[in-house]
Structures are given as C-alpha cells and as structure tokens.
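Below is coords-v2.pdb, which holds PDB, C-alpha atoms.
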```pdb
ATOM      1  CA  MET A  87     -54.375 -18.588 -36.099
ATOM      2  CA  ARG A  88     -50.940 -19.655 -37.248
ATOM      3  CA  LYS A  89     -50.222 -22.372 -39.753
ATOM      4  CA  SER A  90     -47.909 -24.275 -37.393
ATOM      5  CA  PHE A  91     -50.799 -24.546 -34.929
ATOM      6  CA  ILE A  92     -52.970 -26.157 -37.608
ATOM      7  CA  VAL A  93     -50.287 -28.636 -38.630
ATOM      8  CA  SER A  94     -49.372 -29.723 -35.082
ATOM      9  CA  PHE A  95     -52.944 -30.240 -33.984
ATOM     10  CA  LEU A  96     -54.093 -32.002 -37.143
ATOM     11  CA  SER A  97     -51.831 -34.974 -36.417
ATOM     12  CA  ALA A  98     -53.097 -35.124 -32.827
ATOM     13  CA  PHE A  99     -56.693 -35.020 -34.030
ATOM     14  CA  ILE A 100     -56.180 -37.928 -36.456
ATOM     15  CA  ALA A 101     -54.502 -39.913 -33.657
ATOM     16  CA  CYS A 102     -57.434 -39.219 -31.350
ATOM     17  CA  LEU A 103     -59.940 -40.442 -33.937
ATOM     18  CA  SER A 104     -57.952 -43.653 -34.416
ATOM     19  CA  VAL A 105     -57.747 -44.368 -30.690
ATOM     20  CA  THR A 106     -61.459 -43.689 -30.197
ATOM     21  CA  LEU A 107     -62.435 -46.129 -32.911
ATOM     22  CA  VAL A 108     -60.214 -48.827 -31.421
ATOM     23  CA  SER A 109     -61.565 -48.312 -27.917
ATOM     24  CA  GLY A 110     -65.266 -49.041 -28.385
ATOM     25  CA  GLN A 111     -65.715 -48.426 -24.644
ATOM     26  CA  SER A 112     -67.657 -45.810 -22.715
ATOM     27  CA  MET A 113     -66.730 -44.552 -19.273
ATOM     28  CA  PRO A 114     -69.306 -44.444 -16.460
ATOM     29  CA  GLU A 115     -71.174 -41.145 -16.474
ATOM     30  CA  VAL A 116     -69.834 -39.118 -13.579
ATOM     31  CA  LEU A 117     -70.213 -35.347 -13.428
ATOM     32  CA  ILE A 118     -67.661 -33.552 -11.245
ATOM     33  CA  SER A 119     -68.025 -29.801 -10.804
ATOM     34  CA  GLY A 120     -67.460 -26.850  -8.481
ATOM     35  CA  ALA A 121     -63.983 -27.969  -7.389
ATOM     36  CA  TRP A 122     -61.894 -25.637  -5.233
ATOM     37  CA  ALA A 123     -59.318 -25.751  -2.426
ATOM     38  CA  ARG A 124     -58.367 -23.582   0.541
ATOM     39  CA  SER A 125     -55.043 -21.786   0.718
ATOM     40  CA  THR A 126     -52.605 -22.939   3.378
ATOM     41  CA  ALA A 127     -52.423 -19.340   4.641
ATOM     42  CA  MET A 128     -55.982 -19.711   5.905
ATOM     43  CA  ALA A 129     -55.008 -22.807   7.864
ATOM     44  CA  MET A 130     -51.991 -20.995   9.307
ATOM     45  CA  ASP A 131     -54.317 -18.154  10.297
ATOM     46  CA  GLY A 132     -55.884 -20.401  12.891
ATOM     47  CA  HIS A 133     -58.807 -21.690  10.846
ATOM     48  CA  MET A 134     -57.872 -25.341  10.954
ATOM     49  CA  ASP A 135     -59.020 -28.065  13.309
ATOM     50  CA  MET A 136     -56.565 -27.886  16.193
ATOM     51  CA  ASN A 137     -57.099 -31.598  16.865
ATOM     52  CA  MET A 138     -54.810 -32.171  13.897
ATOM     53  CA  ALA A 139     -51.133 -32.614  14.500
ATOM     54  CA  ALA A 140     -50.135 -31.646  10.952
ATOM     55  CA  ASP A 141     -48.188 -28.481  10.198
ATOM     56  CA  PRO A 142     -50.801 -25.958   8.978
ATOM     57  CA  ALA A 143     -48.447 -24.862   6.193
ATOM     58  CA  SER A 144     -48.556 -28.371   4.736
ATOM     59  CA  VAL A 145     -52.306 -28.990   4.967
ATOM     60  CA  SER A 146     -55.338 -27.962   2.945
ATOM     61  CA  ALA A 147     -58.690 -29.367   1.861
ATOM     62  CA  ALA A 148     -60.484 -29.705  -1.474
ATOM     63  CA  TYR A 149     -64.217 -29.497  -2.079
ATOM     64  CA  LEU A 150     -66.406 -30.433  -5.035
ATOM     65  CA  ALA A 151     -69.654 -32.056  -6.141
ATOM     66  CA  ILE A 152     -69.940 -35.514  -7.725
ATOM     67  CA  GLU A 153     -73.110 -36.546  -9.549
ATOM     68  CA  ASN A 154     -73.914 -40.037 -10.783
ATOM     69  CA  THR A 155     -75.827 -39.682 -14.058
ATOM     70  CA  SER A 156     -75.443 -43.357 -14.974
ATOM     71  CA  GLU A 157     -77.720 -46.304 -14.266
ATOM     72  CA  GLU A 158     -75.336 -48.096 -11.897
ATOM     73  CA  THR A 159     -73.866 -47.379  -8.502
ATOM     74  CA  PHE A 160     -70.228 -46.381  -8.292
ATOM     75  CA  THR A 161     -67.931 -45.740  -5.350
ATOM     76  CA  LEU A 162     -65.256 -43.112  -4.871
ATOM     77  CA  ILE A 163     -62.494 -45.213  -3.350
ATOM     78  CA  SER A 164     -59.512 -42.843  -3.167
ATOM     79  CA  ALA A 165     -57.929 -39.602  -4.373
ATOM     80  CA  SER A 166     -54.383 -38.488  -5.198
ATOM     81  CA  SER A 167     -52.572 -35.358  -6.324
ATOM     82  CA  PRO A 168     -49.031 -34.429  -7.399
ATOM     83  CA  ALA A 169     -49.412 -31.443  -5.056
ATOM     84  CA  ALA A 170     -49.600 -33.542  -1.871
ATOM     85  CA  ASP A 171     -47.904 -36.691  -0.609
ATOM     86  CA  ASN A 172     -50.987 -37.686   1.356
ATOM     87  CA  VAL A 173     -54.567 -37.356   0.092
ATOM     88  CA  GLU A 174     -57.474 -38.848   2.029
ATOM     89  CA  LEU A 175     -61.256 -38.890   1.849
ATOM     90  CA  HIS A 176     -62.490 -37.481   5.156
ATOM     91  CA  GLN A 177     -65.800 -37.211   6.956
ATOM     92  CA  THR A 178     -66.624 -34.975   9.891
ATOM     93  CA  SER A 179     -68.784 -36.036  12.801
ATOM     94  CA  MET A 180     -69.702 -34.570  16.159
ATOM     95  CA  GLY A 181     -67.635 -35.977  19.003
ATOM     96  CA  ALA A 182     -67.673 -35.736  22.780
ATOM     97  CA  GLY A 183     -68.244 -32.266  24.125
ATOM     98  CA  ASP A 184     -69.841 -31.176  20.856
ATOM     99  CA  VAL A 185     -66.432 -31.063  19.204
ATOM    100  CA  MET A 186     -66.259 -31.684  15.481
ATOM    101  CA  ARG A 187     -63.894 -34.564  14.671
ATOM    102  CA  MET A 188     -62.473 -35.667  11.359
ATOM    103  CA  ARG A 189     -61.822 -39.244  10.374
ATOM    104  CA  PRO A 190     -60.823 -41.018   7.169
ATOM    105  CA  VAL A 191     -63.676 -42.580   5.225
ATOM    106  CA  GLU A 192     -63.638 -46.371   5.253
ATOM    107  CA  ASN A 193     -64.792 -48.411   2.270
ATOM    108  CA  GLY A 194     -65.189 -45.359   0.048
ATOM    109  CA  ILE A 195     -68.207 -43.189  -0.729
ATOM    110  CA  SER A 196     -70.972 -44.879  -2.728
ATOM    111  CA  ILE A 197     -73.181 -42.817  -5.029
ATOM    112  CA  GLU A 198     -76.437 -44.305  -6.282
ATOM    113  CA  PRO A 199     -77.801 -43.700  -9.808
ATOM    114  CA  GLY A 200     -79.131 -40.158  -9.923
ATOM    115  CA  GLY A 201     -77.464 -39.376  -6.593
ATOM    116  CA  GLN A 202     -74.667 -37.073  -5.609
ATOM    117  CA  ALA A 203     -71.938 -36.582  -3.015
ATOM    118  CA  ILE A 204     -71.193 -33.052  -1.864
ATOM    119  CA  PHE A 205     -67.790 -32.145  -0.443
ATOM    120  CA  GLU A 206     -68.044 -28.754   1.261
ATOM    121  CA  PRO A 207     -66.786 -26.806   4.267
ATOM    122  CA  GLY A 208     -69.035 -26.125   7.228
ATOM    123  CA  GLY A 209     -69.067 -25.122  10.871
ATOM    124  CA  GLN A 210     -66.683 -22.505  12.208
ATOM    125  CA  ALA A 211     -63.446 -23.902  10.782
ATOM    126  CA  ILE A 212     -62.438 -24.730   7.263
ATOM    127  CA  PHE A 213     -61.771 -28.348   8.154
ATOM    128  CA  GLU A 214     -65.230 -28.855   9.671
ATOM    129  CA  PRO A 215     -67.250 -29.687   6.563
ATOM    130  CA  ALA A 216     -70.868 -30.720   6.827
ATOM    131  CA  GLY A 217     -70.150 -34.187   5.524
ATOM    132  CA  TYR A 218     -67.184 -34.938   3.279
ATOM    133  CA  HIS A 219     -63.998 -33.237   2.193
ATOM    134  CA  ILE A 220     -60.714 -34.301   0.617
ATOM    135  CA  MET A 221     -57.774 -33.773   2.944
ATOM    136  CA  LEU A 222     -54.477 -32.702   1.336
ATOM    137  CA  SER A 223     -51.502 -33.080   3.668
ATOM    138  CA  ASP A 224     -47.726 -33.100   3.294
ATOM    139  CA  LEU A 225     -48.097 -30.571   0.491
ATOM    140  CA  GLN A 226     -45.182 -30.131  -1.892
ATOM    141  CA  ASN A 227     -45.629 -26.344  -1.633
ATOM    142  CA  GLU A 228     -47.901 -23.986   0.252
ATOM    143  CA  LEU A 229     -51.122 -23.326  -1.653
ATOM    144  CA  VAL A 230     -51.700 -19.665  -2.461
ATOM    145  CA  ILE A 231     -54.878 -18.042  -3.721
ATOM    146  CA  GLY A 232     -54.504 -17.942  -7.502
ATOM    147  CA  ASP A 233     -52.791 -21.345  -7.670
ATOM    148  CA  ALA A 234     -54.275 -24.419  -9.319
ATOM    149  CA  ILE A 235     -53.597 -28.120  -8.729
ATOM    150  CA  SER A 236     -54.710 -31.368 -10.334
ATOM    151  CA  LEU A 237     -56.569 -34.085  -8.458
ATOM    152  CA  THR A 238     -57.237 -37.677  -9.523
ATOM    153  CA  LEU A 239     -60.365 -39.379  -8.196
ATOM    154  CA  ALA A 240     -60.433 -43.190  -8.350
ATOM    155  CA  PHE A 241     -63.811 -44.909  -8.727
ATOM    156  CA  GLU A 242     -65.131 -48.465  -8.793
ATOM    157  CA  THR A 243     -68.410 -49.471 -10.408
ATOM    158  CA  SER A 244     -70.860 -51.928  -8.880
ATOM    159  CA  GLY A 245     -69.554 -54.407 -11.445
ATOM    160  CA  GLY A 246     -65.985 -54.089 -10.167
ATOM    161  CA  GLU A 247     -64.610 -51.933 -13.006
ATOM    162  CA  LEU A 248     -62.114 -49.238 -12.047
ATOM    163  CA  PHE A 249     -61.814 -45.803 -13.624
ATOM    164  CA  ASP A 250     -60.159 -42.475 -12.822
ATOM    165  CA  ALA A 251     -61.296 -38.881 -13.258
ATOM    166  CA  VAL A 252     -58.610 -36.185 -13.422
ATOM    167  CA  ILE A 253     -59.813 -32.697 -12.512
ATOM    168  CA  GLY A 254     -58.347 -29.274 -11.880
ATOM    169  CA  VAL A 255     -58.797 -27.526  -8.526
ATOM    170  CA  PRO A 256     -58.357 -23.746  -8.211
ATOM    171  CA  VAL A 257     -57.186 -22.338  -4.874
ATOM    172  CA  LEU A 258     -59.791 -19.787  -3.785
ATOM    173  CA  GLU A 259     -60.588 -17.666  -0.755
ATOM    174  CA  ASP A 260     -64.202 -18.835  -0.622
ATOM    175  CA  ALA A 261     -66.424 -21.376  -2.317
ATOM    176  CA  PRO A 262     -67.430 -20.356  -5.853
ATOM    177  CA  GLU A 263     -70.926 -18.920  -6.178
ATOM    178  CA  ALA A 264     -73.683 -21.285  -7.249
ATOM    179  CA  SER A 265     -74.257 -21.219 -10.999
ATOM    180  CA  ASP A 266     -76.550 -22.784 -13.567
ATOM    181  CA  ILE A 267     -73.471 -23.460 -15.709
ATOM    182  CA  VAL A 268     -71.822 -26.767 -14.785
ATOM    183  CA  ILE A 269     -68.301 -27.173 -16.152
ATOM    184  CA  SER A 270     -66.730 -30.637 -16.280
ATOM    185  CA  ASP A 271     -64.128 -32.746 -18.111
ATOM    186  CA  ALA A 272     -61.783 -29.798 -18.642
ATOM    187  CA  TRP A 273     -58.272 -30.575 -19.916
ATOM    188  CA  THR A 274     -55.365 -29.129 -21.852
ATOM    189  CA  PRO A 275     -52.592 -31.113 -23.591
ATOM    190  CA  PRO A 276     -48.943 -31.086 -22.495
ATOM    191  CA  GLN A 277     -46.742 -28.747 -24.453
ATOM    192  CA  PRO A 278     -43.122 -27.740 -23.763
ATOM    193  CA  LEU A 279     -42.020 -24.231 -24.571
ATOM    194  CA  ARG A 280     -40.229 -24.035 -27.908
ATOM    195  CA  THR A 281     -37.997 -21.234 -29.147
ATOM    196  CA  THR A 282     -38.309 -22.091 -32.842
ATOM    197  CA  ALA A 283     -42.112 -22.330 -33.113
ATOM    198  CA  PRO A 284     -45.135 -20.434 -31.774
ATOM    199  CA  ASN A 285     -46.105 -21.430 -28.257
ATOM    200  CA  ILE A 286     -49.746 -22.316 -28.806
ATOM    201  CA  SER A 287     -52.012 -24.792 -27.055
ATOM    202  CA  SER A 288     -55.732 -25.315 -26.390
ATOM    203  CA  ILE A 289     -58.376 -26.000 -23.721
ATOM    204  CA  TYR A 290     -61.300 -28.418 -23.961
ATOM    205  CA  MET A 291     -64.261 -29.023 -21.630
ATOM    206  CA  THR A 292     -67.987 -29.713 -21.391
ATOM    207  CA  LEU A 293     -70.427 -26.987 -20.315
ATOM    208  CA  LEU A 294     -73.991 -27.748 -19.209
ATOM    209  CA  ASN A 295     -76.574 -24.976 -18.884
ATOM    210  CA  ARG A 296     -79.163 -25.875 -16.243
ATOM    211  CA  GLY A 297     -80.721 -22.421 -16.371
ATOM    212  CA  ALA A 298     -83.788 -21.153 -18.192
ATOM    213  CA  THR A 299     -81.963 -18.798 -20.565
ATOM    214  CA  MET A 300     -79.079 -19.058 -23.002
ATOM    215  CA  GLU A 301     -75.607 -18.211 -21.676
ATOM    216  CA  ARG A 302     -72.733 -16.982 -23.829
ATOM    217  CA  ILE A 303     -69.030 -17.071 -23.007
ATOM    218  CA  VAL A 304     -67.525 -13.906 -24.481
ATOM    219  CA  GLU A 305     -64.016 -14.007 -23.016
ATOM    220  CA  ALA A 306     -61.477 -16.342 -21.437
ATOM    221  CA  GLN A 307     -58.656 -15.066 -19.232
ATOM    222  CA  THR A 308     -55.493 -16.769 -17.978
ATOM    223  CA  ASP A 309     -52.006 -15.797 -16.822
ATOM    224  CA  VAL A 310     -50.282 -18.720 -18.556
ATOM    225  CA  ALA A 311     -50.552 -17.269 -22.063
ATOM    226  CA  GLU A 312     -50.482 -13.884 -23.755
ATOM    227  CA  ALA A 313     -54.027 -14.474 -24.992
ATOM    228  CA  ALA A 314     -56.867 -16.969 -24.580
ATOM    229  CA  GLU A 315     -59.017 -16.904 -27.720
ATOM    230  CA  LEU A 316     -62.447 -18.421 -28.313
ATOM    231  CA  SER A 317     -61.911 -20.462 -31.457
ATOM    232  CA  GLY A 318     -63.781 -22.650 -33.912
ATOM    233  CA  SER A 319     -62.475 -25.310 -36.269
ATOM    234  CA  ILE A 320     -63.801 -27.250 -39.238
ATOM    235  CA  VAL A 321     -62.485 -30.190 -41.240
ATOM    236  CA  THR A 322     -62.742 -29.784 -45.002
ATOM    237  CA  ALA A 323     -61.847 -32.189 -47.825
ATOM    238  CA  ASP A 324     -58.892 -31.083 -49.944
ATOM    239  CA  GLY A 325     -58.165 -34.097 -52.105
ATOM    240  CA  ASN A 326     -56.348 -36.225 -49.535
ATOM    241  CA  GLU A 327     -57.562 -38.750 -46.974
ATOM    242  CA  MET A 328     -56.877 -36.570 -43.940
ATOM    243  CA  GLY A 329     -58.446 -33.360 -45.176
ATOM    244  CA  SER A 330     -57.670 -29.933 -43.743
ATOM    245  CA  LEU A 331     -58.339 -28.580 -40.275
ATOM    246  CA  THR A 332     -59.027 -24.828 -40.310
ATOM    247  CA  PHE A 333     -59.186 -22.568 -37.244
ATOM    248  CA  SER A 334     -60.626 -19.086 -36.745
ATOM    249  CA  GLU A 335     -61.391 -16.823 -33.808
ATOM    250  CA  ILE A 336     -65.099 -16.621 -32.878
ATOM    251  CA  PRO A 337     -66.941 -13.953 -30.833
ATOM    252  CA  GLU A 338     -68.703 -16.237 -28.346
ATOM    253  CA  LEU A 339     -69.521 -19.745 -27.177
ATOM    254  CA  ALA A 340     -73.283 -20.124 -26.706
ATOM    255  CA  ILE A 341     -74.914 -22.699 -24.422
ATOM    256  CA  ALA A 342     -78.680 -22.955 -24.861
ATOM    257  CA  ALA A 343     -80.936 -23.413 -21.835
ATOM    258  CA  GLY A 344     -81.099 -27.057 -20.819
ATOM    259  CA  GLU A 345     -78.360 -27.999 -23.287
ATOM    260  CA  SER A 346     -74.646 -28.759 -23.152
ATOM    261  CA  ILE A 347     -71.730 -28.114 -25.470
ATOM    262  CA  THR A 348     -68.382 -29.881 -25.657
ATOM    263  CA  LEU A 349     -65.268 -27.935 -26.580
ATOM    264  CA  GLN A 350     -63.094 -30.185 -28.708
ATOM    265  CA  LEU A 351     -60.696 -30.288 -31.624
ATOM    266  CA  ALA A 352     -62.613 -30.171 -34.913
ATOM    267  CA  GLY A 353     -65.176 -28.041 -33.089
ATOM    268  CA  ASP A 354     -65.113 -25.068 -30.742
ATOM    269  CA  PHE A 355     -62.365 -24.695 -28.140
ATOM    270  CA  ILE A 356     -60.236 -22.123 -26.317
ATOM    271  CA  ALA A 357     -56.845 -21.418 -27.900
ATOM    272  CA  LEU A 358     -53.888 -20.410 -25.738
ATOM    273  CA  VAL A 359     -51.608 -18.152 -27.769
ATOM    274  CA  GLY A 360     -48.132 -17.229 -26.569
ATOM    275  CA  LEU A 361     -47.596 -19.690 -23.739
ATOM    276  CA  LYS A 362     -45.506 -18.312 -20.888
ATOM    277  CA  GLN A 363     -44.718 -21.648 -19.241
ATOM    278  CA  ASP A 364     -44.395 -25.344 -19.962
ATOM    279  CA  MET A 365     -47.636 -27.312 -19.879
ATOM    280  CA  VAL A 366     -46.515 -30.273 -17.773
ATOM    281  CA  ILE A 367     -48.580 -33.410 -17.158
ATOM    282  CA  GLY A 368     -49.832 -33.350 -13.570
ATOM    283  CA  ASP A 369     -50.034 -29.553 -13.384
ATOM    284  CA  ALA A 370     -53.175 -27.440 -13.737
ATOM    285  CA  ILE A 371     -53.788 -23.926 -15.022
ATOM    286  CA  ARG A 372     -56.255 -21.331 -13.768
ATOM    287  CA  VAL A 373     -58.787 -19.916 -16.244
ATOM    288  CA  ASN A 374     -61.536 -17.322 -15.788
ATOM    289  CA  LEU A 375     -64.559 -17.629 -18.092
ATOM    290  CA  VAL A 376     -66.518 -14.401 -18.623
ATOM    291  CA  PHE A 377     -70.153 -14.600 -19.711
ATOM    292  CA  GLU A 378     -72.286 -12.008 -21.495
ATOM    293  CA  SER A 379     -74.675 -12.021 -18.521
ATOM    294  CA  GLY A 380     -71.909 -10.794 -16.214
ATOM    295  CA  LEU A 381     -71.304 -14.218 -14.692
ATOM    296  CA  GLU A 382     -67.650 -15.178 -14.207
ATOM    297  CA  GLN A 383     -66.416 -18.656 -13.348
ATOM    298  CA  ILE A 384     -62.888 -19.489 -12.223
ATOM    299  CA  ILE A 385     -61.857 -23.034 -13.031
ATOM    300  CA  ALA A 386     -58.663 -25.058 -13.029
ATOM    301  CA  VAL A 387     -57.759 -27.084 -16.100
ATOM    302  CA  PRO A 388     -55.494 -30.133 -15.634
ATOM    303  CA  VAL A 389     -52.704 -30.851 -18.106
ATOM    304  CA  ARG A 390     -53.381 -34.332 -19.508
ATOM    305  CA  ASP A 391     -52.013 -36.485 -22.305
ATOM    306  CA  VAL A 392     -55.473 -37.768 -23.214
ATOM    307  CA  PHE A 393     -54.317 -39.364 -26.473
ATOM    308  CA  GLY A 394     -51.549 -41.237 -24.682
ATOM    309  CA  GLU A 395     -53.880 -42.284 -21.864
ATOM    310  CA  GLN A 396     -56.362 -43.760 -24.334
ATOM    311  CA  ALA A 397     -53.606 -45.568 -26.202
ATOM    312  CA  THR A 398     -52.318 -47.023 -22.940
ATOM    313  CA  ASP A 399     -55.782 -48.149 -21.879
ATOM    314  CA  ASN A 400     -56.338 -49.840 -25.245
ATOM    315  CA  PRO A 401     -52.972 -51.308 -26.310
ATOM    316  CA  ASP A 402     -54.550 -53.568 -28.922
TER
END
```
Once more with this new file: its structure as structure tokens, please.
Amino acid sequence: MRKSFIVSFLSAFIACLSVTLVSGQSMPEVLISGAWARSTAMAMDGHMDMNMAADPASVSAAYLAIENTSEETFTLISASSPAADNVELHQTSMGAGDVMRMRPVENGISIEPGGQAIFEPGGQAIFEPAGYHIMLSDLQNELVIGDAISLTLAFETSGGELFDAVIGVPVLEDAPEASDIVISDAWTPPQPLRTTAPNISSIYMTLLNRGATMERIVEAQTDVAEAAELSGSIVTADGNEMGSLTFSEIPELAIAAGESITLQLAGDFIALVGLKQDMVIGDAIRVNLVFESGLEQIIAVPVRDVFGEQATDNPD
C-alpha cells in the first residue's frame, strides 16, 4: 500500500470516529440483499408487459429482499434513483381474463418484526413479478448487462421516524443464485481522479454467513480499478494522539458459519488501486467476489459520502 493512501484515509477515519461519537443514534435494523435489475434490452425484446405505454428502452425493474431484524414495524414508503426520473413501488395482481396487471403500491409496504418483503420477477414476463417489484421508468440511459446503478429506499418506522437506505443494484441477465452469504450495507467513498497522486479508494460492507461452514473470500474483481486487493488495517500508537493507521494486503476474508464480518476502515476492507474513473456520489460500481468454495457473487456498490451524510444528519 502507498503512503499517500494511508495519509488520506487516516484523516477520514478520525472524522468518522468524531461524527459517530456525536451521533449517539442507531438506525433501524433493516437487511437489504440480493438486489439486481433487468437490462432494457430484455424489455425491448418483447419481455415486458404490453399493457404499459412506456417506451421499452426507458423502462426496467429492480428486485431485492428486505428483512426486518428489529423489534418494530417499518414501512417502505418510496424509492428513487439517479438512473431514472420515475421510480415506483409496484405490485402485480391477476386481472380480468387472467391477465397480469401492475399497479402502484398505495400506502407503502409494511414489514413486521422478523418479517420480510421479497421483490422478484414471476410469470412469463419480466414485469409480472409474484408480488412486488420496483419499477424504473424514464431512464437516463438504457441499462446494459454489466452496468450498476444506485437506489435509495425510504422507510418510516411505526414511531414516525424516517430513514433512507442507499444500495447498489447490478444489471444482470437473471436473478443471482441463492446463497448462504448475505451481503448488505456496501459502499465506497467519492474520489475524483487525480494526476498528481495515486488513484486509490476502498470498499466497505457487511457479510453474513447463514451456512453451516466457513466461507472465505479469496479475490475481488472490478473493471473500475487496475486491482482490487483484500486488505487489513490496524491503528498503532506512535507518540501522538491520532496514532498511525497501517495497511497491508491479506490473503483472504473469512466469515465463520453463523457469523458476520464488517469491512471497515481500521479493520479489513477491499482496496481499489489504480482507479480508472471518477467515483461520483450517486453512481455505483460492479464488483465480483470470489470465494474459496467456488461461489461467486456479483454485487453493486454505491458511491456515498457517508462521513458527510452523518455530519449533515447531526449538525450539532
């Protein structure tokens, strides 16, 4: 790892610690996983609901799973994305003549403690899900397999508190295969390309292993950087108040059966070395995680200014 990387991220880490201590708040426990979206080419291929008047090239749908691991009910009230001018929560029902019809969801989707809401395709057309889906229309650009977008889900608790969850959504040909590894809360910080300093960034997330055996991530792959390295960091005292943050490449990231790990600064994370593009807030990057068992999981990681968001939420 390069010294400039250590210096730039040390200041961000200290800022994060300060904001966290000021906050004193905890967000409702919502677990969002398995997100993916259809390409617009599939809609243009005749796989969309022909009851829709929208241009197939400007329409897609996103799917995911939401679990409520808290002790209170919360409601998904809306969704938005920089990739689409119009984002709606939709539900499909059987209409006259056994024709599947879509309609916007009214009053949101409530999820009880311990419950879940599944957004998935179903039937013979991609916009005929067996239940819910998130409709993306008036897209800024056609979605192509290999792309990734960010999606913001807005929730309200039973006590009237509002909170958002920003996730990444990869554009895939088919739904990802079921896995015992649940990946959530992925993010990467914004970083403009610089010609006078190394173009290095990082990826953070939480990984939960619901399987019966340990899983190990042995490689990360992405097209947005020359290399994606599994990395570890430690903070050591060196005679000053801040201490030193030291990084090194590690061979694997292990997740024990029934346990979870959180990739974070001053811990383990994925380093992006040699960025090939700007990391712009509102965008998302596609990452493939390769496991020792042979499992591979494609995820999308949203670009977020988490430190700035926390500071904004807690101005005092």
Would you mind telling me which residue in A:Leu349, A:Leu239, A:Ala306, A:Ile152 lies nearest to Glu174 in chain A when using all atoms listed in the file?
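Nearest to Glu174 in chain A: A:Leu239.
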d(CA of Met188 in chain A, CA of Ile231 in chain A) in Å:
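If I compute the distance from CA of Met188 in chain A to CA of Ile231 in chain A, I get 24.4 Å.
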Nearest to Leu358 in chain A by atom-to-atom distance, counting all atoms listed in the file, from A:Pro275, A:Gly246, A:Gly201, A:Gly254:
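Among A:Pro275, A:Gly246, A:Gly201, A:Gly254, it is A:Pro275 that comes nearest to Leu358 in chain A.
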Hey, can you pull every residue with an atom no more than 12 Å from (-42.3, -25.8, -2.4), using only C-alpha atoms, and send it as a VMD selection string?
chain A and resid 143 to 144 169 to 170 224 to 230
Quick one: axis-aligned box around all listed atoms of range 226-236 of chain A, 5 Å on every side, centre and edge lengths in Å to one decimal, written as lines of an AutoDock Vina configuration file.
```
center_x = -50.0
center_y = -24.7
center_z = -5.0
size_x = 19.7
size_y = 23.4
size_z = 20.6
```
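Shortest separation to Lys362 in chain A among A:Gln383, A:Gln277, A:Ser317, A:Ser164 occurs at residue A:Gln277, atoms counted being all atoms listed in the file.
For the choices A:Phe249, A:Tyr218, A:Phe160, A:Trp122, the atom-to-atom distance to Pro190 in chain A is smallest for A:Tyr218 when using all atoms listed in the file.
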Could you write out as number ranges by chain the residues that the PyMOL selection byres ((chain A and resi 365-369) around 9) matches in the shown file?
A: 167-169, 234-237, 254, 274-279, 287, 361, 363-364, 370-371, 387-391
How many Å separate CA of Ile253 in chain A from CA of Val373 in chain A?
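Interatomic distance, CA of Ile253 in chain A to CA of Val373 in chain A: 13.4 Å.
Closest approach to Ala151 in chain A among A:Ile204, A:Val173, A:Ala352, A:Ala123 is made by A:Ile204 (distances from only C-alpha atoms).
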Starting from the displayed file, determine the output of the PyMOL selection byres ((chain A and resi 307) around 10) and express the residue list as a ChimeraX atom specification.
/A:305-306,308-315,358,372-376,384
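One finds CA of Ile267 in chain A at 9.9 Å from CA of Gly344 in chain A.
Each of A:Leu258, A:Ala340, A:Val359, A:Leu175 was checked against Glu192 in chain A using only C-alpha atoms; the smallest atom-to-atom distance is that of A:Leu175.
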Which residues, named as in the file, does the PyMOL selection byres ((chain A and resi 336) around 7) pick out? Answer as a PyMOL selection string.
chain A and resi 316-318+334-335+337-338
Resulting file, chosen residues, C-alpha atoms, as a CSV table (one decimal), keeping the file's coordinate frame:
```csv
chain,number,residue,atom,x,y,z
A,316,LEU,CA,-62.4,-18.4,-28.3
A,317,SER,CA,-61.9,-20.5,-31.5
A,318,GLY,CA,-63.8,-22.6,-33.9
A,334,SER,CA,-60.6,-19.1,-36.7
A,335,GLU,CA,-61.4,-16.8,-33.8
A,337,PRO,CA,-66.9,-14.0,-30.8
A,338,GLU,CA,-68.7,-16.2,-28.3
```
Counting only C-alpha atoms, what is within 8 Å of range 378-380 of chain A, bar same-chain residues fewer than 2 positions away, as a list of chain:residue names?
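Once the adjacent positions are removed, what remains is A:Glu301, A:Arg302, A:Ile303, A:Val304, A:Val376, A:Glu382.
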